[in-house]
Structures are given as C-alpha cells and as structure tokens.
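Q: If it helps, the file is called work-v3.cif and holds mmCIF, C-alpha atoms and all ligand atoms:
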data_target
loop_
_atom_site.label_atom_id
_atom_site.label_comp_id
_atom_site.auth_asym_id
_atom_site.auth_seq_id
_atom_site.Cartn_x
_atom_site.Cartn_y
_atom_site.Cartn_z
CA MET A 1 14.22 59.15 74.27
CA ASN A 2 16.60 60.04 77.08
CA ASN A 3 15.89 59.39 80.73
CA THR A 4 12.89 57.21 79.94
CA PRO A 5 11.15 56.66 83.26
CA ALA A 6 10.72 53.03 84.19
CA LEU A 7 7.36 51.45 83.50
CA LEU A 8 6.07 53.73 80.77
CA PRO A 9 2.85 52.15 79.49
CA THR A 10 2.49 51.12 75.84
CA TYR A 11 -0.42 50.52 73.48
CA ASP A 12 -0.46 46.86 74.58
CA ASP A 13 -1.38 48.10 78.04
CA VAL A 14 -4.28 50.09 76.54
CA VAL A 15 -5.51 46.94 74.76
CA ALA A 16 -5.28 44.97 78.02
CA ALA A 17 -7.14 47.77 79.84
CA ALA A 18 -9.92 47.69 77.22
CA LYS A 19 -10.42 43.98 77.92
CA ARG A 20 -10.69 44.60 81.66
CA LEU A 21 -13.18 47.41 81.09
CA GLN A 22 -15.37 45.52 78.67
CA GLY A 23 -18.88 45.22 80.08
CA VAL A 24 -17.88 47.39 83.06
CA ALA A 25 -17.24 50.86 81.59
CA HIS A 26 -19.78 52.30 79.18
CA ARG A 27 -18.83 52.35 75.54
CA THR A 28 -19.78 56.02 75.31
CA PRO A 29 -21.52 57.40 72.25
CA VAL A 30 -19.85 59.41 69.48
CA LEU A 31 -22.10 62.38 68.63
CA SER A 32 -22.01 64.84 65.77
CA SER A 33 -23.37 68.35 65.19
CA ARG A 34 -24.26 69.78 61.80
CA THR A 35 -24.24 73.26 63.27
CA MET A 36 -20.62 72.98 64.42
CA ASP A 37 -19.60 71.16 61.23
CA GLU A 38 -20.93 74.11 59.24
CA GLN A 39 -19.34 76.67 61.54
CA LEU A 40 -15.88 75.09 61.18
CA GLY A 41 -16.22 73.66 57.65
CA ALA A 42 -15.14 70.31 59.08
CA ARG A 43 -16.64 67.05 60.28
CA LEU A 44 -16.53 66.70 64.04
CA PHE A 45 -16.88 63.53 66.10
CA PHE A 46 -17.54 64.04 69.81
CA LYS A 47 -16.51 61.21 72.16
CA CYS A 48 -18.89 61.69 75.08
CA GLU A 49 -17.09 60.71 78.27
CA ASN A 50 -19.47 63.03 80.12
CA LEU A 51 -21.80 60.03 79.74
CA GLN A 52 -19.26 57.60 81.24
CA ARG A 53 -19.87 56.02 84.67
CA ILE A 54 -19.38 58.69 87.39
CA GLY A 55 -19.69 61.30 84.63
CA ALA A 56 -16.08 61.35 83.43
CA PHE A 57 -13.38 59.23 81.76
CA LYS A 58 -11.59 58.82 85.11
CA PHE A 59 -13.59 55.66 85.79
CA ARG A 60 -11.54 53.92 83.10
CA GLY A 61 -8.14 54.51 84.67
CA ALA A 62 -9.32 53.90 88.22
CA TYR A 63 -10.96 50.58 87.40
CA ASN A 64 -8.01 49.43 85.30
CA ALA A 65 -5.65 50.11 88.21
CA LEU A 66 -7.78 48.52 90.95
CA ALA A 67 -8.63 45.45 88.84
CA GLN A 68 -4.91 44.58 88.87
CA PHE A 69 -4.45 44.68 92.64
CA THR A 70 -2.98 41.54 94.22
CA PRO A 71 -5.23 39.68 96.72
CA GLU A 72 -3.21 41.35 99.48
CA GLN A 73 -3.81 44.82 98.03
CA ARG A 74 -7.51 44.09 97.56
CA LYS A 75 -7.84 43.31 101.24
CA GLY A 76 -6.32 46.66 102.20
CA GLY A 77 -8.22 48.59 99.55
CA ALA A 78 -7.58 51.77 97.57
CA LEU A 79 -6.81 55.26 98.74
CA ALA A 80 -6.90 58.54 96.81
CA PHE A 81 -6.64 62.23 97.59
CA SER A 82 -8.89 64.27 95.38
CA SER A 83 -12.01 66.38 95.59
CA GLY A 84 -12.94 65.78 92.00
CA ASN A 85 -13.75 63.08 89.50
CA HIS A 86 -10.82 60.83 90.45
CA ALA A 87 -12.25 60.42 93.96
CA GLN A 88 -15.60 59.26 92.63
CA ALA A 89 -13.88 57.01 90.10
CA ILE A 90 -11.81 55.24 92.78
CA ALA A 91 -14.86 54.94 95.04
CA GLN A 92 -17.01 53.44 92.29
CA ALA A 93 -14.30 51.07 91.02
CA ALA A 94 -13.57 49.86 94.57
CA GLN A 95 -17.25 49.21 95.17
CA LEU A 96 -17.53 47.17 91.96
CA LEU A 97 -14.43 45.19 92.87
CA ASP A 98 -15.67 44.73 96.43
CA MET A 99 -12.75 46.36 98.23
CA PRO A 100 -12.54 49.21 100.74
CA ALA A 101 -11.85 52.76 99.54
CA LEU A 102 -10.75 55.80 101.46
CA ILE A 103 -10.73 59.29 99.96
CA VAL A 104 -8.85 62.22 101.51
CA MET A 105 -10.74 65.45 100.72
CA PRO A 106 -10.48 69.08 101.83
CA GLU A 107 -13.08 69.81 104.55
CA ASP A 108 -14.49 72.63 102.40
CA ALA A 109 -15.07 70.38 99.36
CA PRO A 110 -18.59 70.72 97.91
CA ALA A 111 -21.08 68.73 99.98
CA SER A 112 -22.47 67.19 96.80
CA LYS A 113 -19.06 65.71 95.93
CA MET A 114 -18.57 64.27 99.42
CA ALA A 115 -22.05 62.80 99.34
CA ALA A 116 -21.49 61.26 95.90
CA THR A 117 -18.20 59.72 97.04
CA ARG A 118 -19.78 58.32 100.22
CA GLY A 119 -22.69 57.14 98.09
CA TYR A 120 -20.31 54.76 96.30
CA GLY A 121 -19.43 53.28 99.67
CA ALA A 122 -16.09 55.03 100.23
CA GLN A 123 -14.94 56.40 103.56
CA VAL A 124 -14.11 60.12 103.39
CA VAL A 125 -11.41 61.64 105.60
CA THR A 126 -11.26 65.44 105.56
CA TYR A 127 -8.36 67.79 106.15
CA ASN A 128 -7.76 71.53 106.32
CA ARG A 129 -6.36 72.75 102.98
CA PHE A 130 -4.60 75.68 104.58
CA THR A 131 -2.87 73.99 107.49
CA GLU A 132 -2.44 70.32 106.57
CA ASP A 133 -0.52 68.45 103.88
CA ARG A 134 -2.82 66.03 102.08
CA GLU A 135 0.00 63.91 100.69
CA ALA A 136 1.45 63.36 104.15
CA ILE A 137 -2.02 62.43 105.48
CA ALA A 138 -2.63 60.05 102.60
CA GLN A 139 0.78 58.40 103.01
CA ARG A 140 0.25 57.93 106.75
CA LEU A 141 -3.21 56.41 106.25
CA ALA A 142 -1.93 54.14 103.48
CA THR A 143 0.80 52.79 105.75
CA GLU A 144 -1.43 52.49 108.84
CA ARG A 145 -4.22 50.69 107.02
CA GLY A 146 -2.32 48.77 104.37
CA MET A 147 -4.06 50.64 101.57
CA THR A 148 -2.68 51.31 98.07
CA LEU A 149 -2.53 54.93 96.95
CA ILE A 150 -3.64 55.52 93.36
CA PRO A 151 -2.68 58.92 91.94
CA PRO A 152 -5.02 60.68 89.48
CA TYR A 153 -2.75 60.67 86.41
CA ASN A 154 0.90 59.75 86.92
CA HIS A 155 0.42 55.98 87.06
CA ARG A 156 0.98 53.37 84.38
CA ASP A 157 -2.39 51.60 84.77
CA VAL A 158 -4.31 54.86 85.06
CA ILE A 159 -2.77 56.15 81.80
CA ALA A 160 -3.50 52.87 80.00
CA GLY A 161 -7.12 52.92 81.20
CA GLN A 162 -7.66 56.52 80.05
CA GLY A 163 -6.35 55.54 76.60
CA THR A 164 -9.31 53.23 76.03
CA ALA A 165 -11.69 56.12 75.27
CA VAL A 166 -9.70 57.20 72.21
CA LYS A 167 -9.14 53.56 71.24
CA GLU A 168 -12.94 53.21 71.02
CA LEU A 169 -13.29 56.48 69.10
CA LEU A 170 -10.67 55.50 66.51
CA GLU A 171 -12.17 52.06 66.05
CA GLU A 172 -15.48 53.73 65.27
CA VAL A 173 -14.08 56.65 63.24
CA PRO A 174 -10.76 55.40 61.88
CA ASP A 175 -9.58 58.20 59.62
CA LEU A 176 -9.36 61.28 61.82
CA ASP A 177 -7.05 64.11 60.73
CA TYR A 178 -7.10 65.87 64.11
CA LEU A 179 -7.87 64.92 67.69
CA PHE A 180 -8.38 67.49 70.47
CA VAL A 181 -7.94 66.24 74.05
CA CYS A 182 -8.51 68.04 77.40
CA LEU A 183 -5.34 68.27 79.48
CA GLY A 184 -4.70 68.58 83.22
CA GLY A 185 -1.98 66.32 84.59
CA GLY A 186 -1.85 64.50 81.28
CA GLY A 187 -3.26 61.04 82.01
CA LEU A 188 -5.99 61.33 79.41
CA LEU A 189 -3.71 62.91 76.81
CA SER A 190 -0.87 60.43 77.25
CA GLY A 191 -3.24 57.45 77.07
CA SER A 192 -4.88 59.00 74.01
CA LEU A 193 -1.45 59.39 72.37
CA LEU A 194 -0.70 55.70 72.88
CA ALA A 195 -3.98 54.79 71.18
CA ALA A 196 -3.68 57.36 68.38
CA ASN A 197 -0.08 56.45 67.52
CA ALA A 198 -1.09 52.82 67.14
CA LEU A 199 -4.43 53.25 65.36
CA ALA A 200 -4.12 56.54 63.45
CA PRO A 201 -0.43 57.46 63.14
CA ASN A 202 -1.20 60.35 60.77
CA CYS A 203 -3.72 61.97 63.08
CA GLN A 204 -2.51 65.24 64.64
CA VAL A 205 -3.11 65.01 68.39
CA ILE A 206 -3.54 68.32 70.19
CA GLY A 207 -3.66 68.71 73.97
CA VAL A 208 -5.63 71.64 75.36
CA GLU A 209 -5.06 73.27 78.74
CA PRO A 210 -6.40 76.43 80.37
CA GLU A 211 -4.56 79.63 79.41
CA ALA A 212 -4.07 80.43 83.12
CA GLY A 213 -2.55 76.98 83.77
CA ASN A 214 -0.29 76.18 80.82
CA ASP A 215 2.18 74.05 82.79
CA VAL A 216 2.50 71.48 80.00
CA GLN A 217 3.05 74.10 77.31
CA GLN A 218 5.75 75.68 79.48
CA SER A 219 7.29 72.27 80.22
CA LEU A 220 7.47 71.38 76.52
CA ARG A 221 9.17 74.70 75.73
CA ALA A 222 11.65 74.25 78.56
CA GLY A 223 12.32 70.60 77.72
CA HIS A 224 11.71 69.59 81.35
CA ILE A 225 8.81 69.62 83.82
CA VAL A 226 7.93 73.15 84.91
CA LYS A 227 5.82 73.68 88.04
CA ILE A 228 3.44 76.63 88.20
CA ASP A 229 1.24 78.12 90.96
CA THR A 230 -2.26 76.67 91.20
CA PRO A 231 -3.98 78.38 88.27
CA ARG A 232 -7.15 80.43 88.55
CA THR A 233 -9.58 79.03 86.01
CA ILE A 234 -13.11 77.67 85.92
CA ALA A 235 -11.62 74.42 84.53
CA ASP A 236 -11.26 72.81 87.96
CA GLY A 237 -10.25 69.43 86.51
CA ALA A 238 -7.19 71.03 84.95
CA GLN A 239 -5.89 73.10 87.87
CA THR A 240 -2.73 71.03 87.97
CA GLN A 241 0.63 72.59 88.74
CA ALA A 242 2.76 70.21 86.65
CA PRO A 243 2.50 67.07 84.55
CA GLY A 244 3.90 63.84 86.01
CA ASP A 245 7.16 62.25 84.86
CA LEU A 246 5.32 59.40 83.09
CA THR A 247 2.68 61.57 81.43
CA PHE A 248 5.23 64.20 80.43
CA ALA A 249 7.57 61.62 78.87
CA ILE A 250 4.78 60.34 76.60
CA ILE A 251 3.46 63.81 75.77
CA GLN A 252 6.93 65.14 74.99
CA GLN A 253 7.60 62.26 72.64
CA ALA A 254 4.28 62.07 70.84
CA VAL A 255 2.09 65.17 71.02
CA ASN A 256 1.81 67.41 67.96
CA GLU A 257 0.89 70.56 69.82
CA VAL A 258 -0.49 71.89 73.09
CA LEU A 259 -2.90 74.84 72.85
CA THR A 260 -4.59 76.98 75.49
CA VAL A 261 -8.03 78.56 75.75
CA ASN A 262 -9.48 81.07 78.21
CA ASP A 263 -12.48 80.79 80.54
CA GLU A 264 -14.74 82.82 78.27
CA GLN A 265 -14.11 80.38 75.43
CA LEU A 266 -14.90 77.47 77.77
CA VAL A 267 -18.25 79.03 78.67
CA GLU A 268 -19.02 79.57 74.99
CA SER A 269 -18.41 75.86 74.31
CA MET A 270 -20.44 74.76 77.37
CA ARG A 271 -23.32 76.88 76.11
CA PHE A 272 -23.06 75.35 72.64
CA TYR A 273 -23.14 71.82 74.09
CA ALA A 274 -26.20 72.61 76.22
CA GLU A 275 -28.17 74.57 73.63
CA ARG A 276 -27.37 72.69 70.45
CA MET A 277 -26.35 69.19 71.50
CA LYS A 278 -28.45 68.94 74.67
CA ILE A 279 -25.57 67.72 76.81
CA VAL A 280 -24.11 68.98 80.08
CA VAL A 281 -20.34 69.42 79.89
CA GLU A 282 -18.22 70.65 82.80
CA PRO A 283 -15.78 73.53 82.19
CA THR A 284 -12.74 71.24 81.89
CA GLY A 285 -14.60 69.00 79.46
CA ALA A 286 -15.13 71.96 77.14
CA LEU A 287 -11.39 72.63 76.61
CA SER A 288 -11.16 70.48 73.47
CA LEU A 289 -13.99 72.09 71.50
CA ALA A 290 -12.93 75.59 72.56
CA ALA A 291 -9.51 74.94 71.00
CA ALA A 292 -11.01 73.51 67.82
CA ILE A 293 -12.97 76.78 67.48
CA HIS A 294 -10.29 79.24 68.64
CA GLY A 295 -6.97 77.41 68.32
CA GLY A 296 -6.08 78.73 64.89
CA GLN A 297 -5.79 75.36 63.10
CA SER A 298 -7.27 75.27 59.65
CA LEU A 299 -9.78 72.47 60.02
CA LYS A 300 -11.52 73.07 56.66
CA GLY A 301 -12.47 69.77 55.08
CA LYS A 302 -10.87 67.80 57.94
CA ARG A 303 -12.21 65.02 60.11
CA VAL A 304 -11.81 66.04 63.72
CA GLY A 305 -12.20 64.10 66.97
CA ILE A 306 -13.20 66.00 70.11
CA VAL A 307 -12.89 64.26 73.47
CA ILE A 308 -15.50 65.56 75.94
CA SER A 309 -13.85 64.50 79.20
CA GLY A 310 -16.63 64.98 81.75
CA GLY A 311 -19.96 66.46 82.76
CA ASN A 312 -19.80 66.88 86.53
CA VAL A 313 -20.77 70.41 87.44
CA ASP A 314 -23.27 71.57 90.09
CA LEU A 315 -26.34 72.78 88.24
CA SER A 316 -26.35 76.05 90.17
CA ARG A 317 -22.73 76.68 89.14
CA PHE A 318 -23.53 75.66 85.57
CA ALA A 319 -26.42 78.14 85.49
CA SER A 320 -24.38 80.99 86.93
CA LEU A 321 -21.48 80.38 84.51
CA LEU A 322 -23.84 80.44 81.54
CA ALA A 323 -25.81 83.44 82.83
CA ASP A 324 -22.80 85.80 82.84
C1 LIG A 401 -9.18 64.84 85.41
C2 LIG A 401 -9.93 65.51 84.33
C3 LIG A 401 -9.27 66.10 83.24
C4 LIG A 401 -7.76 66.14 83.13
O1 LIG A 401 -7.25 64.85 83.00
P1 LIG A 401 -5.69 64.54 83.18
O2 LIG A 401 -5.57 63.10 83.00
O3 LIG A 401 -5.32 65.00 84.57
O4 LIG A 401 -4.99 65.35 82.16
C5 LIG A 401 -10.02 66.65 82.23
N1 LIG A 401 -11.38 66.66 82.30
C6 LIG A 401 -12.04 66.11 83.32
C7 LIG A 401 -13.52 66.15 83.31
C8 LIG A 401 -11.35 65.50 84.37
O5 LIG A 401 -12.02 64.97 85.40
#
Take the structure I supplied and represent it as structure tokens, if you would.

A:
Amino acid sequence: MNNTPALLPTYDDVVAAAKRLQGVAHRTPVLSSRTMDEQLGARLFFKCENLQRIGAFKFRGAYNALAQFTPEQRKGGALAFSSGNHAQAIAQAAQLLDMPALIVMPEDAPASKMAATRGYGAQVVTYNRFTEDREAIAQRLATERGMTLIPPYNHRDVIAGQGTAVKELLEEVPDLDYLFVCLGGGGLLSGSLLAANALAPNCQVIGVEPEAGNDVQQSLRAGHIVKIDTPRTIADGAQTQAPGDLTFAIIQQAVNEVLTVNDEQLVESMRFYAERMKIVVEPTGALSLAAAIHGGQSLKGKRVGIVISGGNVDLSRFASLLAD
C-alpha cells in the first residue's frame, strides 16, 4: 500500500483492546430472526451493539483510547466534540476511569443528549453551529486545560476498540460468508475489517452508508479521500463529510464493497426490528440490514452477519419516523 499513514492499527491492537474491555463493555448478544431468514433465504446473525453501554458500539473505542492515557493525560482528562454517541461514550469511559471529561456540543443539540452526557459526569460546553468553529474551540480548550482530544473515528485506539464487536461475533459464529457494517467516518468498518481479515479471511465485508452521503463510495472510486457537503439523511450517525486518513487506508485496502441505502429503506428496517425482533434501532444502526435486503447481493443459502451499531433515538422521533 502506498502512502501508508503512520500508526495504522492492526489485528493485534484489536486483541489488546478486547482485553482492556473485558468485564467493562458488554459482550452483546447475537440474535437471529426466522422471518428475515425466510425472506432472504439466508441465515442472519445480528450483533446487537444497540444493547452496548451507552446504546452504541462507540463505548468500545472510547474506553480503549482513554484506558491507555498516561498518568499525565489522565489528570487533564478527555475532550470530544460531538452531539451524538461518541460524546456519551467519552463521558461514560472517563467516568469509569475516574478522569475529567469535557464535551463541546452545539447549543441547539437535543436536551436529552446534553442531559445524558452530563449524567455521566462530563462538563458540556456549548457553541453556536452557525457562527463558531467547534474544532478551534476544542483545540483551545484542550490546550488551556491540558486535556486530550479524542476524535470519533480517525484514531488508532478508537478503530481497534470498535473492531472488538466483530471479533466477538466471529468467535461466536465463525463461518460467515458476508458481513454488513454501518459506515459513517469508518471507525467501525475499519476495525471490523481488521477482525474479519484475521478471523474469517473468506468473509465478504460490505460497508453501508446513506445514499445521500456516499463519501466513502466516492472516495474509493476516486482513489483518494473525497469530501462532500453534510448529507441530508435520517441516519444522523453517518452524516460525515469524509472518511479519515487512517480509516480510509484500511477500508481501501480491505473492504469488498461499499453499498448505499435510502431513508425509506432505513425506516423499513427499523420497523422490522421493532415489530419482529422487539428491539429499538436508531436510523444509522439500520443501514446494515437495509443493504442486506436491498443491496442486490445474492444471499441465498449464505451465512450473513449484520452489525446493529446503535439504538439511541428519541422515542418521539422514532414514533414519527415509523408513522410516516
Ligand atoms: C458513529 C456511529 C456510526 C458510524 O460509525 P463510524 O465509525 O463513524 O463509521 C454508525 N452507527 C452508530 C449508531 C454510530 O453511533
């Protein structure tokens, strides 16, 4: 591979992350559904990270990163800018590791998300999305307070931590033919690729992003990172404008395919999860199943892994999405 960025994580890093997470992260269940097996003529195995701590896989990467802080870094604490699951993951991991956490959030972020983040003991600093630059604010605060900024996906320890979910899945269900993984900035997918290449080299790994925000698909076609405008999609965990250099390097080298699905297909999958499997899945978490249904792969007779990435959605929003 040309221009390999320094510090790309490897499967050894995923194994080390799994040790750090043992007894801290939930070993989430792997569910099945006869209804969906019959519909697709396949056997599906759903890795339920919607049942992970904080309701999404992001706890894995956040904890793996913070657990490796030096004593000096621990004293300063962790800083993140996010209004979503990464914020709650950093807050929860910092609380467990007994260090301060500061989260920079837009002032119009949902009150429930701010409350949840504060509930884990983090300090929340708000900014105006339209007039202020969150990265500049975060950098200034990090310097002023001696805090360490942890990005949501483009970070070696974050990627390695996210890979532990698929490591668990493949240890439980070793002979998968296909694996569908939700894709935003690519932390989950690149970690999953490290695990799948080591444990199931013949498994076809497919990343799935929203049709309106296919920055990774475009980047793969171009052969370099392509940045798009913030996409309009209900999949708020995948509204990224571009993959990172680390995540893109791994994806480019190892992914079999990246597919897209539209919002209607996400709602269809969310409804299926709620009605048939009795689980709440957020729009972004439904990307993987939507692509297994609509992606055009022939899954007949195949064993298929589906990573459900998260379940954090306001119930009123959930109800209105499903009511349409
Ligand atoms: C962050 C997130 C994603 C996307 O993960 P990346 O590592 O950015 O690709 C998918 N689903 C949920 C629920 C998330 O919180």

Q: If we count only C-alpha atoms and set the cut-off at 12 Å, which residues sit around Val307 in chain A, ignoring sequence neighbours fewer than 2 positions away in its own chain? Please answer as a PDB file with C-alpha atoms, in the coordinates of the input.

A:
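Final output, saved to around-v7.pdb:
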ATOM      1  CA  THR A  28     -19.780  56.020  75.310  1.00  0.00           C
ATOM      2  CA  PRO A  29     -21.520  57.400  72.250  1.00  0.00           C
ATOM      3  CA  VAL A  30     -19.850  59.410  69.480  1.00  0.00           C
ATOM      4  CA  LEU A  31     -22.100  62.380  68.630  1.00  0.00           C
ATOM      5  CA  SER A  32     -22.010  64.840  65.770  1.00  0.00           C
ATOM      6  CA  LEU A  44     -16.530  66.700  64.040  1.00  0.00           C
ATOM      7  CA  PHE A  45     -16.880  63.530  66.100  1.00  0.00           C
ATOM      8  CA  PHE A  46     -17.540  64.040  69.810  1.00  0.00           C
ATOM      9  CA  LYS A  47     -16.510  61.210  72.160  1.00  0.00           C
ATOM     10  CA  CYS A  48     -18.890  61.690  75.080  1.00  0.00           C
ATOM     11  CA  GLU A  49     -17.090  60.710  78.270  1.00  0.00           C
ATOM     12  CA  ASN A  50     -19.470  63.030  80.120  1.00  0.00           C
ATOM     13  CA  LEU A  51     -21.800  60.030  79.740  1.00  0.00           C
ATOM     14  CA  ALA A  56     -16.080  61.350  83.430  1.00  0.00           C
ATOM     15  CA  PHE A  57     -13.380  59.230  81.760  1.00  0.00           C
ATOM     16  CA  GLN A 162      -7.660  56.520  80.050  1.00  0.00           C
ATOM     17  CA  GLY A 163      -6.350  55.540  76.600  1.00  0.00           C
ATOM     18  CA  THR A 164      -9.310  53.230  76.030  1.00  0.00           C
ATOM     19  CA  ALA A 165     -11.690  56.120  75.270  1.00  0.00           C
ATOM     20  CA  VAL A 166      -9.700  57.200  72.210  1.00  0.00           C
ATOM     21  CA  LYS A 167      -9.140  53.560  71.240  1.00  0.00           C
ATOM     22  CA  GLU A 168     -12.940  53.210  71.020  1.00  0.00           C
ATOM     23  CA  LEU A 169     -13.290  56.480  69.100  1.00  0.00           C
ATOM     24  CA  LEU A 170     -10.670  55.500  66.510  1.00  0.00           C
ATOM     25  CA  TYR A 178      -7.100  65.870  64.110  1.00  0.00           C
ATOM     26  CA  LEU A 179      -7.870  64.920  67.690  1.00  0.00           C
ATOM     27  CA  PHE A 180      -8.380  67.490  70.470  1.00  0.00           C
ATOM     28  CA  VAL A 181      -7.940  66.240  74.050  1.00  0.00           C
ATOM     29  CA  CYS A 182      -8.510  68.040  77.400  1.00  0.00           C
ATOM     30  CA  LEU A 183      -5.340  68.270  79.480  1.00  0.00           C
ATOM     31  CA  LEU A 188      -5.990  61.330  79.410  1.00  0.00           C
ATOM     32  CA  LEU A 189      -3.710  62.910  76.810  1.00  0.00           C
ATOM     33  CA  SER A 192      -4.880  59.000  74.010  1.00  0.00           C
ATOM     34  CA  VAL A 205      -3.110  65.010  68.390  1.00  0.00           C
ATOM     35  CA  ILE A 206      -3.540  68.320  70.190  1.00  0.00           C
ATOM     36  CA  GLY A 207      -3.660  68.710  73.970  1.00  0.00           C
ATOM     37  CA  VAL A 208      -5.630  71.640  75.360  1.00  0.00           C
ATOM     38  CA  VAL A 281     -20.340  69.420  79.890  1.00  0.00           C
ATOM     39  CA  THR A 284     -12.740  71.240  81.890  1.00  0.00           C
ATOM     40  CA  GLY A 285     -14.600  69.000  79.460  1.00  0.00           C
ATOM     41  CA  ALA A 286     -15.130  71.960  77.140  1.00  0.00           C
ATOM     42  CA  LEU A 287     -11.390  72.630  76.610  1.00  0.00           C
ATOM     43  CA  SER A 288     -11.160  70.480  73.470  1.00  0.00           C
ATOM     44  CA  LEU A 289     -13.990  72.090  71.500  1.00  0.00           C
ATOM     45  CA  ALA A 290     -12.930  75.590  72.560  1.00  0.00           C
ATOM     46  CA  ALA A 291      -9.510  74.940  71.000  1.00  0.00           C
ATOM     47  CA  ALA A 292     -11.010  73.510  67.820  1.00  0.00           C
ATOM     48  CA  VAL A 304     -11.810  66.040  63.720  1.00  0.00           C
ATOM     49  CA  GLY A 305     -12.200  64.100  66.970  1.00  0.00           C
ATOM     50  CA  SER A 309     -13.850  64.500  79.200  1.00  0.00           C
ATOM     51  CA  GLY A 310     -16.630  64.980  81.750  1.00  0.00           C
ATOM     52  CA  GLY A 311     -19.960  66.460  82.760  1.00  0.00           C
TER      53      GLY A 311
END

Q: Applying 10 Å and only C-alpha atoms, which residues near Met277 in chain A remain after dropping the ones on its own chain fewer than 6 positions away? List them as a PyMOL selection string.

A: chain A and resi 31-36+271

Q: For CA of Val158 in chain A and CA of Glu171 in chain A, quote the distance in Å rounded to one decimal.

A: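 These atoms are spaced 20.8 Å apart.
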
Q: Hey, can you check how far CA of Ala16 in chain A sits from CA of Ala198 in chain A?

A: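 Going from CA of Ala16 in chain A over to CA of Ala198 in chain A covers 14.1 Å.
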
Q: Take the point (-10.5, 57.3, 89.6) as written in the file and pick out every residue within 9 Å of it, counting all atoms listed in the file; give the list as a count of residues only.

A: 22

Q: Calculated over only C-alpha atoms, which of the candidates A:Ile234, A:Leu102, A:Leu97, A:Met114 has the smallest distance to Phe318 in chain A?

A: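 Checking each of A:Ile234, A:Leu102, A:Leu97, A:Met114 against Phe318 in chain A, counting only C-alpha atoms, the winner is A:Ile234.
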
Q: Which residue is closest to ligand LIG 401 (chain A)? Choose from A:Asp215, A:Glu144, A:Glu257, A:Asp229 and count only C-alpha atoms and all ligand atoms.

A: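 Going through A:Asp215, A:Glu144, A:Glu257, A:Asp229 one by one, the smallest distance to ligand LIG 401 (chain A) is for A:Asp215.
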
Q: Using CA of Pro283 in chain A and atom O4 of ligand LIG 401 (chain A) as the two end points, give the distance in Å to one decimal.

A: 13.5 Å

Q: So which one's closest to Glu282 in chain A, A:Gly55, A:Pro110, A:Gly223, A:Pro9? Using all atoms listed in the file, please.

A: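 Checking each of A:Gly55, A:Pro110, A:Gly223, A:Pro9 against Glu282 in chain A, counting all atoms listed in the file, the winner is A:Gly55.
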
Q: In the coordinate frame of the file, compute which residues have an atom within 9 Å of (-8.0, 64.3, 107.5) when using all atoms listed in the file, and state them as a PDB file with C-alpha atoms, in the frame of the given file.

A:
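This went into point-v6.pdb:
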ATOM      1  CA  VAL A 104      -8.850  62.220 101.510  1.00  0.00           C
ATOM      2  CA  MET A 105     -10.740  65.450 100.720  1.00  0.00           C
ATOM      3  CA  PRO A 106     -10.480  69.080 101.830  1.00  0.00           C
ATOM      4  CA  GLU A 107     -13.080  69.810 104.550  1.00  0.00           C
ATOM      5  CA  VAL A 124     -14.110  60.120 103.390  1.00  0.00           C
ATOM      6  CA  VAL A 125     -11.410  61.640 105.600  1.00  0.00           C
ATOM      7  CA  THR A 126     -11.260  65.440 105.560  1.00  0.00           C
ATOM      8  CA  TYR A 127      -8.360  67.790 106.150  1.00  0.00           C
ATOM      9  CA  ASN A 128      -7.760  71.530 106.320  1.00  0.00           C
ATOM     10  CA  GLU A 132      -2.440  70.320 106.570  1.00  0.00           C
ATOM     11  CA  ARG A 134      -2.820  66.030 102.080  1.00  0.00           C
ATOM     12  CA  ILE A 137      -2.020  62.430 105.480  1.00  0.00           C
ATOM     13  CA  ALA A 138      -2.630  60.050 102.600  1.00  0.00           C
TER      14      ALA A 138
END

Q: For a quick check of understanding, using all atoms listed in the file, which of A:Ala200, A:Leu246, A:Leu79, A:Ala195 has the smallest distance to Gly161 in chain A?

A: A:Ala195

Q: Taking all atoms listed in the file into account, name the residue in A:Asn214, A:Gln265, A:Gln252, A:Asn154 that is nearest to ligand LIG 401 (chain A).

A: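 For ligand LIG 401 (chain A), the nearest of the given residues is A:Asn154.
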
Q: Counting only C-alpha atoms and all ligand atoms, which of A:Leu199, A:Ala109, A:Ala235, A:Ala136 gets nearest to ligand LIG 401 (chain A)?

A: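 Closest residue, counting only C-alpha atoms and all ligand atoms: A:Ala235.
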